[in-house]
Structures are given as structure tokens and as C-alpha cells.
Amino acid sequence: MSLALPGRWVRPDVPGLLRRHWPLLPLAATVLFLLAPLPAGDATASGKVGPADAASLLLVLVCAVQALRSRVRELTPLGVLVLGAPAVGLAVATMTAGDPYAALPGFVRYLQVFVLVPAAVVLLVRDAAEFRLAAGCFVVLALVQGAVGVVQYATHTGASYQGEDVRAVGTFGPGDVMGMATVVAYGLIVATAAGLAPGLPRRLRRIAGGCALVLMLPLVLSFSRGAWIATFGAAVLVMALVGIRRALKVVAALAAAGVVLVGGFGVGSEMVAERLTSITQVSSAPDQSVTDRYTMWAAAESMWRERPAVGVGLKGFPANRDGHASLGLSSGSDTAGAGQAYLRQPLLSPHNMYLLILSEQGLIGLIALAGGWAALLVAGLRRLASGGGVRDCGLIAIGLFVWQLTDFLYADIGGPSTVLTGVIIGLAAWWALPSRGVADSGTASAVGSRGRAPGVAARR
């Protein structure tokens, strides 16, 4: 471990840190492997196992081995119910699908994202220090992807937007325009929460605040309305949880940064203004993307009404879309730029996670998944309000989770960044469902003489 003394710096014991925290290496890899670029022309990577997915499978395997050796956190009965219930709903939706064999890949993907990865995160992350390590990986990922996105905008090498190759998409490519926006928003929320959290060193809070300001630029240049709305909502909640005085300071800093970026330097001012205006034009003069979104929402609702209990089955939305959608639905969305030729990308989901679950899994699946998310949110907010635990971890967990739940109103799972959804649910569950007997401090003082935290089996 490292030790900072007044006027001195003791060299950190890197081998010792690796021995103690090695089970978290697959977790860090799951986040950081999203820095690997997709091959040119690979629009969605749908159905493919990317580096981050492979790392998440290794994470689950390590968790299983550690569980067999009794070296993981102890789950409460509520934790077992919340984390395990989705598996039941997924199994029902798979067995009752019109083509269970075709639904099987969807079952595996949902099981990975909503059951296995969250459970692995909850069981393997032992204390606040390890939680902060995982959260820090999100900031690193956001900074690198955001830097790539800014360069794409400045050099006109991004995805096509309004006839210009200026949309910041990072290494995700034009087929996954939400990828960079998502990971940048994650990093921004983590940095904002850390910058406001009481108890952290002032220098660390300043660095985190600076990272949050820097990440505003690539988020703006992503031109992603859903990411903007989710980030605004999560940031406002985090600021409200830390107090009005701190919140006003952050709002003033963010407003100043926005004025300088958009007003002073003119960074995408016309495009940003048009994109902001389009948010309110959902009924008077919606663009085609908004029309398609609402048409697919109506189709998803129609599928649910046809089979309200179990839905049409996993992976059933594309096959049933045309039979339930109106003629206002276009044939797909245009994608180009960022190293990819023009491609018409089909619309295979309703771009609303809750409606996707409802249409494919019915009320059983929605209650199992969304009901568990609601329970985690309530439990996490109650723990944060009670003053228990390490406050910065709570702010980060709640901020990320609220961002994800809000974004699900405008998006669903898909693309390489989907695996991070499982990590975020796991971090939220880690905070909301503390193990019995685990100290809230999460510091080295809570570790016994043999390296064993109360309630957590030691790792050798």
C-alpha cells in the first residue's frame, strides 16, 4: 500500500496491491477494453463478443472461483432476490417465445448484462477503495474516448451529421453513435460526484471537478439528446444530494464553461442549438428520428397488448415489428463517416428499454427487471440519506444508476458499451445492499491483522 506523509512520499507496494486486488483486474479490463477501436466498417458489432465482453466473462469466472473458495461478500436475502429474479423472468420469456432457439442468444445477453456481471461486481468489490478503483476506470475511459471525439469534430473525421463528418463518436464508429456519448456521460457523472463529495481530499475533488468540466465538450459534440437529458437529470440529483451551496457553485461553473465553449468559441453552436430545439418539437414538427422512435414505441405497446404476460419472446421485436408498426416508420437510419462508407442501418428495437422489456418479456419480465431496479434505487437513496457508508461511493453509485434508468427512456441495450450497464447495476447494488457486518468506512483501518475485512473472507 502507498503511504503519504507530510513532506514525504513512500513508494507504493505495487506487488502487494496486485496480490490484494487481483480479482478486480477483469473488472477494470471490462471497462478499459472499450478503448479498443472497432474495425472499420463494423457498424454495430451486434452478436459479436468484443474484448470488453470477454473480460466480463472472465470477471464472472473469477467471481465463481472466489465464491467456491468463500472469498466473496455475503449477500443478504434481498440481494439474492433482486439479483436473481431477472433470471427467472428471462427463462420464462425464452421458453414461451415463438422460436425459443432464436431467443436463446437474447437470453444469454440479458443474463450477462442484468444478472451475472452485476452479481460479480457486488460479490468481488469488497470496500470503498475497490469501488473507487472501479469508478476511476470510467473516468479514464471517458477522457480518452472524449479526446478522440473532440479530434474527430475538429478534423471533420467523425460520423456524418447534417451533411458534415463532425459528430463525435470516439472509437465506436457511426453505427454506434450513442457509444461515446454514453461512456463520456458515465465519466462525467463519476467526476461530478467525486468533485462534490465531502470527505475526499481537496486536491482529488479539484481534479475530479476539472475532469467533469473537460468532459462537457465531447458530450456536447456527441449531439446525443438522450445523453444530454440523462446527464442533466443525474447531475442535478447528485448536486441536490450534496446540498444547495455546493450545487450552486457547480451550476455556475458549468454555465460558465458552456458560455465559453458554445458562445465564446462557437463550438458547434448552430448544431447544438438545433439539437436542443428538436427536443421540444416532438409534436409540432418532429424530425424523422423522433417519428421513428414514437412509431416503434407504439409497435412495442401493441406487441405487449397481444401477449401481456410473457410478451413476444426475447429477440422477438424485429420479427414482429412490421406487423405492429404504422406506415410512418422509415426503413432505417443513415450512417456514414468515421472510416465507414454509407450504410442504411435497420431499426431493430424501440429505443426504450422499458418498452423493449414489456414487448418481449411482458409484465413478468418488466416486474423482475424494473422492479429490482426500483428497489435498488430506493434502498440506495435511503442509505445515502441516513448518512451510512462512504458518501462519495453513494453519490457515484446513485448518479450512475439514475443516469442509466433515465437513459433507458430513450435507448436500450446494444453495442459494445452495453456491458457497462451490468457494471453500473452492480455498483448500485453494492451500495444499496451492503453485506452484513461490513464496516462502512471501507478504509485500511477496517482490515484486520490478517488482511480480512469484517464480514468478508480474505484473499490470498
# chains A, B, ... in the order shown; residues from 1 in each chain; ligands from 1

$ residues_around --residues "region 18-30 of chain A" --least-positions-apart "6" --cutoff "9 Å" --atoms "only C-alpha atoms" --output "VMD selection string"
chain A and resid 51 to 60 62 to 63 66 120 to 121 124 to 125 130 133 to 134 137 to 138 419 to 420 423 451 458 to 460

$ residues_around --residues "Ala428 (chain A)" --least-positions-apart "2" --cutoff "9 Å" --atoms "only C-alpha atoms" --output "JSON, numbers by chain"
{"A": [118, 122, 376, 377, 380, 394, 396, 397, 398, 400, 401, 423, 424, 425, 426, 430, 431, 432, 433]}

$ atom_distance --atom1 "CA of Val113 (chain A)" --atom2 "CA of Asp412 (chain A)"
12.0 Å

$ residues_around --residues "Val115 (chain A)" --least-positions-apart "4" --cutoff "9 Å" --atoms "only C-alpha atoms" --output "list in words"
Leu83, Gly84, Ala85, Pro86, Ala87, Tyr110, Leu111, Ala119, Ala120, Gly422 and Gly426 of chain A

$ closest_residue --among "A:Leu348, A:Ala325, A:Leu356, A:Ala128" --to "Trp304 (chain A)" --atoms "only C-alpha atoms"
A:Leu356

$ closest_residue --among "A:Pro416, A:Gly209, A:Gly173, A:Gly50" --to "Val190 (chain A)" --atoms "only C-alpha atoms"
A:Gly209

$ atom_distance --atom1 "CA of Arg391 (chain A)" --atom2 "CA of Val242 (chain A)"
9.3 Å

$ closest_residue --among "A:Asp176, A:Pro218, A:Thr182, A:Ala375" --to "Ala154 (chain A)" --atoms "only C-alpha atoms"
A:Pro218

$ atom_distance --atom1 "CA of Cys393 (chain A)" --atom2 "CA of Asp127 (chain A)"
9.8 Å

$ select_by_dssp --residues "region 27-94 of chain A" --states "helix (DSSP H, G or I)" --output "PyMOL selection string"
chain A and resi 27-35+51-68+77-94

$ closest_residue --among "A:Val150, A:Gly79, A:Arg69, A:Pro37" --to "Ser435 (chain A)" --atoms "only C-alpha atoms"
A:Gly79

$ closest_residue --among "A:Leu366, A:Val82, A:Ala208, A:Leu219" --to "Val177 (chain A)" --atoms "only C-alpha atoms"
A:Leu219

$ residues_around --residues "Gly311 (chain A)" --least-positions-apart "2" --cutoff "8 Å" --atoms "only C-alpha atoms" --output "PyMOL selection string"
chain A and resi 93+97+303-304+306-309+313+358-363
